[in-house]
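**Student:** Below you will find the structure I want to go over with you.
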Amino acid sequence: MSTITATETSAPAPAPAARPAYRVTGPRVVRSEWAKLWSLRSTWITLGLGLLFLVAFGIIAAAQFKSHFDSGRHMDKDWADSTAVSLSLFGTNFAQLALGVLGVLVTAGEYSTGMIRSTLAAVPRRLPVLWSKSAVFGLVALVVGTVGVFVAFLIASNIVSGTPAAMTISHTGVVRSLLGAGLYLGLVGVIGAALGALLRSVAGGISVLVGTLMLVPGLMSLLPSSWKDNITPYLPSHAGESMFSLTHDSTALSPTAGLAVFVAWTVLALAGAAYRLVRSDA
């Protein structure tokens, strides 16, 4: 008896579909941070407040000056020496808080919610996350600040027209001052983002930001005069003010020197944030 053995040949399994290769690149990280920034309601609210502070306080200061001038009331020297530029930039100190606080929220907020773990899992090298967050928000703060100061100046210059403070956009130093104010606010946003990444706490980052920009300069009055004159110009707030001041006295830095000092403070904050981001767990 013969046995016939049938050999069953099975059809080859279909090859799995090739999956697209995704790579972490700088532009992709930037796009991711851009999307995350605008997905937050706090971004729209805080940027709106910053723009409102710039324009509204500039208009209020110009209207107050115009009212004092028209009424013939006595004005102290600082108020009497005001220009359309200084009046329109009156809201800068308030806008820097809004933009700086939002910068802290951009980075420290992810630590508060735990989202930073997902972010660093997607970008294992870590540092591109910090650079992208800082660059994206710094650019946004720069644009908002620049638009705000130019709008405030155009309105304020019309209000104080016909007074000693009157100036136009074509006056020497006006454009430089306005651009300097916008750049200052952009760098404040970067410092806020760096402090948020360094301290990993919203409350801590905001406290250090406010203390550095507003409280420390006031405490300088407690130092001896020789110390105060040598230290004060190099504080972040005073160096930043030198960037957009129309005139400078002998104790203040020049616009270029003020920019260099303020950029150095920004780099120092970013360096501290980068060191902790690399050395510490999320």
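Here's how to read the names in the structure tokens: chain A, B, ... by the order shown, residue numbers from 1 in each chain, ligand numbers from 1 in the order shown.
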Pull the closest atom pair for each residue of region 181-242 of chain A that gets at most 8 Å from region 116-140 of chain A, along with the distance in Å to one decimal, counting only C-alpha atoms, ordering rows by chain and then ascending residue number, as CSV.
**Tutor:**
```
residue,atom,partner,partner_atom,distance
A:Gly186,CA,A:Gly138,CA,4.9
A:Leu187,CA,A:Gly138,CA,6.2
A:Val188,CA,A:Gly138,CA,7.9
A:Gly189,CA,A:Gly138,CA,5.4
A:Val190,CA,A:Gly138,CA,5.1
A:Ala193,CA,A:Ser134,CA,6.0
A:Ala194,CA,A:Ser134,CA,7.2
A:Ala197,CA,A:Leu130,CA,7.7
```
**Student:** Which residues are near region 233-243 of chain A? Cut-off 8 Å, only C-alpha atoms, ignore same chain within fewer than 6 positions. Put them as a PyMOL selection string.
**Tutor:** chain A and resi 177+180-181+184+212-214+217+251-259+261-262+265
**Student:** Could you find all residues in region 134-236 of chain A that DSSP calls alpha helix (DSSP H) from the backbone, and write them as an MDAnalysis selection string?
**Tutor:** chainID A and resid 134:159 174:199 202:210 216:219 225:231 236
**Student:** Would you kindly return, as an MDAnalysis selection string, each protein, DNA or RNA residue with an atom no farther than 12 Å from any atom of region 147-150 of chain A, considering only C-alpha atoms and excluding same-chain residues fewer than 4 positions away?
**Tutor:** chainID A and resid 47:59 84:92 95:96 140:143 154:157 168:169 174:186 244
**Student:** Name all residues at most 12 Å from Gly204 (chain A) (count only C-alpha atoms; drop same-chain ones fewer than 2 positions away) and give them as a PDB file with N, CA, C and O atoms, in the first residue's frame.
**Tutor:**
```pdb
ATOM      1  N   VAL A 101       5.030  86.817  34.501  1.00  0.00           N
ATOM      2  CA  VAL A 101       4.243  85.779  35.174  1.00  0.00           C
ATOM      3  C   VAL A 101       3.799  84.717  34.177  1.00  0.00           C
ATOM      4  O   VAL A 101       3.845  83.507  34.471  1.00  0.00           O
ATOM      5  N   VAL A 104       6.600  82.367  33.530  1.00  0.00           N
ATOM      6  CA  VAL A 104       6.736  81.370  34.600  1.00  0.00           C
ATOM      7  C   VAL A 104       5.722  80.243  34.408  1.00  0.00           C
ATOM      8  O   VAL A 104       6.045  79.057  34.541  1.00  0.00           O
ATOM      9  N   LEU A 105       4.483  80.610  34.087  1.00  0.00           N
ATOM     10  CA  LEU A 105       3.431  79.606  33.905  1.00  0.00           C
ATOM     11  C   LEU A 105       3.728  78.674  32.738  1.00  0.00           C
ATOM     12  O   LEU A 105       3.358  77.491  32.769  1.00  0.00           O
ATOM     13  N   ALA A 108       6.737  76.335  34.519  1.00  0.00           N
ATOM     14  CA  ALA A 108       6.402  75.759  35.826  1.00  0.00           C
ATOM     15  C   ALA A 108       5.020  75.124  35.819  1.00  0.00           C
ATOM     16  O   ALA A 108       4.762  74.193  36.589  1.00  0.00           O
ATOM     17  N   GLY A 109       4.128  75.601  34.966  1.00  0.00           N
ATOM     18  CA  GLY A 109       2.792  75.026  34.906  1.00  0.00           C
ATOM     19  C   GLY A 109       2.810  73.552  34.525  1.00  0.00           C
ATOM     20  O   GLY A 109       1.982  72.767  35.010  1.00  0.00           O
ATOM     21  N   SER A 112       3.583  71.556  37.565  1.00  0.00           N
ATOM     22  CA  SER A 112       2.450  71.498  38.489  1.00  0.00           C
ATOM     23  C   SER A 112       1.431  70.455  38.060  1.00  0.00           C
ATOM     24  O   SER A 112       0.843  69.763  38.905  1.00  0.00           O
ATOM     25  N   GLY A 192      11.225  84.922  32.790  1.00  0.00           N
ATOM     26  CA  GLY A 192      10.146  84.255  33.499  1.00  0.00           C
ATOM     27  C   GLY A 192      10.091  82.773  33.187  1.00  0.00           C
ATOM     28  O   GLY A 192       9.938  81.933  34.088  1.00  0.00           O
ATOM     29  N   LEU A 195      12.999  81.069  34.966  1.00  0.00           N
ATOM     30  CA  LEU A 195      12.771  80.918  36.403  1.00  0.00           C
ATOM     31  C   LEU A 195      11.772  79.803  36.685  1.00  0.00           C
ATOM     32  O   LEU A 195      11.910  79.060  37.665  1.00  0.00           O
ATOM     33  N   GLY A 196      10.751  79.673  35.846  1.00  0.00           N
ATOM     34  CA  GLY A 196       9.789  78.594  36.027  1.00  0.00           C
ATOM     35  C   GLY A 196      10.440  77.238  35.895  1.00  0.00           C
ATOM     36  O   GLY A 196      10.141  76.306  36.665  1.00  0.00           O
ATOM     37  N   ALA A 197      11.345  77.094  34.911  1.00  0.00           N
ATOM     38  CA  ALA A 197      12.043  75.818  34.730  1.00  0.00           C
ATOM     39  C   ALA A 197      13.079  75.579  35.823  1.00  0.00           C
ATOM     40  O   ALA A 197      13.333  74.431  36.199  1.00  0.00           O
ATOM     41  N   LEU A 198      13.663  76.649  36.331  1.00  0.00           N
ATOM     42  CA  LEU A 198      14.685  76.498  37.374  1.00  0.00           C
ATOM     43  C   LEU A 198      14.072  76.116  38.709  1.00  0.00           C
ATOM     44  O   LEU A 198      14.550  75.202  39.393  1.00  0.00           O
ATOM     45  N   LEU A 199      12.993  76.798  39.101  1.00  0.00           N
ATOM     46  CA  LEU A 199      12.391  76.584  40.418  1.00  0.00           C
ATOM     47  C   LEU A 199      11.286  75.532  40.395  1.00  0.00           C
ATOM     48  O   LEU A 199      10.929  74.990  41.444  1.00  0.00           O
ATOM     49  N   ARG A 200      10.694  75.270  39.211  1.00  0.00           N
ATOM     50  CA  ARG A 200       9.646  74.256  39.044  1.00  0.00           C
ATOM     51  C   ARG A 200       8.456  74.521  39.959  1.00  0.00           C
ATOM     52  O   ARG A 200       7.778  73.600  40.399  1.00  0.00           O
ATOM     53  N   SER A 201       8.222  75.766  40.246  1.00  0.00           N
ATOM     54  CA  SER A 201       7.119  76.161  41.108  1.00  0.00           C
ATOM     55  C   SER A 201       6.573  77.487  40.592  1.00  0.00           C
ATOM     56  O   SER A 201       7.333  78.443  40.399  1.00  0.00           O
ATOM     57  N   VAL A 202       5.262  77.524  40.377  1.00  0.00           N
ATOM     58  CA  VAL A 202       4.649  78.760  39.896  1.00  0.00           C
ATOM     59  C   VAL A 202       4.801  79.866  40.935  1.00  0.00           C
ATOM     60  O   VAL A 202       5.225  80.990  40.622  1.00  0.00           O
ATOM     61  N   ILE A 206       7.208  83.208  40.389  1.00  0.00           N
ATOM     62  CA  ILE A 206       6.612  84.549  40.406  1.00  0.00           C
ATOM     63  C   ILE A 206       7.224  85.392  41.522  1.00  0.00           C
ATOM     64  O   ILE A 206       7.503  86.587  41.341  1.00  0.00           O
ATOM     65  N   SER A 207       7.455  84.786  42.688  1.00  0.00           N
ATOM     66  CA  SER A 207       8.037  85.522  43.809  1.00  0.00           C
ATOM     67  C   SER A 207       9.429  86.036  43.476  1.00  0.00           C
ATOM     68  O   SER A 207       9.761  87.206  43.743  1.00  0.00           O
ATOM     69  N   VAL A 208      10.251  85.186  42.885  1.00  0.00           N
ATOM     70  CA  VAL A 208      11.608  85.611  42.531  1.00  0.00           C
ATOM     71  C   VAL A 208      11.564  86.680  41.442  1.00  0.00           C
ATOM     72  O   VAL A 208      12.328  87.661  41.483  1.00  0.00           O
ATOM     73  N   LEU A 209      10.675  86.528  40.480  1.00  0.00           N
ATOM     74  CA  LEU A 209      10.557  87.504  39.397  1.00  0.00           C
ATOM     75  C   LEU A 209      10.166  88.879  39.945  1.00  0.00           C
ATOM     76  O   LEU A 209      10.805  89.895  39.632  1.00  0.00           O
ATOM     77  N   VAL A 210       9.118  88.908  40.766  1.00  0.00           N
ATOM     78  CA  VAL A 210       8.658  90.183  41.324  1.00  0.00           C
ATOM     79  C   VAL A 210       9.727  90.784  42.240  1.00  0.00           C
ATOM     80  O   VAL A 210       9.988  91.996  42.209  1.00  0.00           O
ATOM     81  N   GLY A 211      10.346  89.952  43.053  1.00  0.00           N
ATOM     82  CA  GLY A 211      11.383  90.456  43.952  1.00  0.00           C
ATOM     83  C   GLY A 211      12.558  91.044  43.192  1.00  0.00           C
ATOM     84  O   GLY A 211      13.081  92.106  43.556  1.00  0.00           O
TER      85      GLY A 211
END
```
**Student:** Could you check how far CA of Leu40 (chain A) sits from CA of Phe94 (chain A), in Å to one decimal?
**Tutor:**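 Going from CA of Leu40 (chain A) over to CA of Phe94 (chain A) covers 21.8 Å.
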**Student:** From the set A:Pro224, A:Ala203, A:Ser280, A:Thr83, which residue has the shortest atom-to-atom contact distance to Thr247 (chain A), counting only C-alpha atoms?
**Tutor:**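 Using only C-alpha atoms, the shortest distance to Thr247 (chain A) belongs to A:Thr83.
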**Student:** Work out how far apart CA of Leu270 (chain A) and CA of Val106 (chain A) are and give it in Å to one decimal.
**Tutor:** 14.1 Å
**Student:** When you draw a straight line from CA of Leu102 (chain A) to CA of Ile191 (chain A), how long is it in Å?
**Tutor:**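 Atom-to-atom, CA of Leu102 (chain A) to CA of Ile191 (chain A), that is 10.6 Å.
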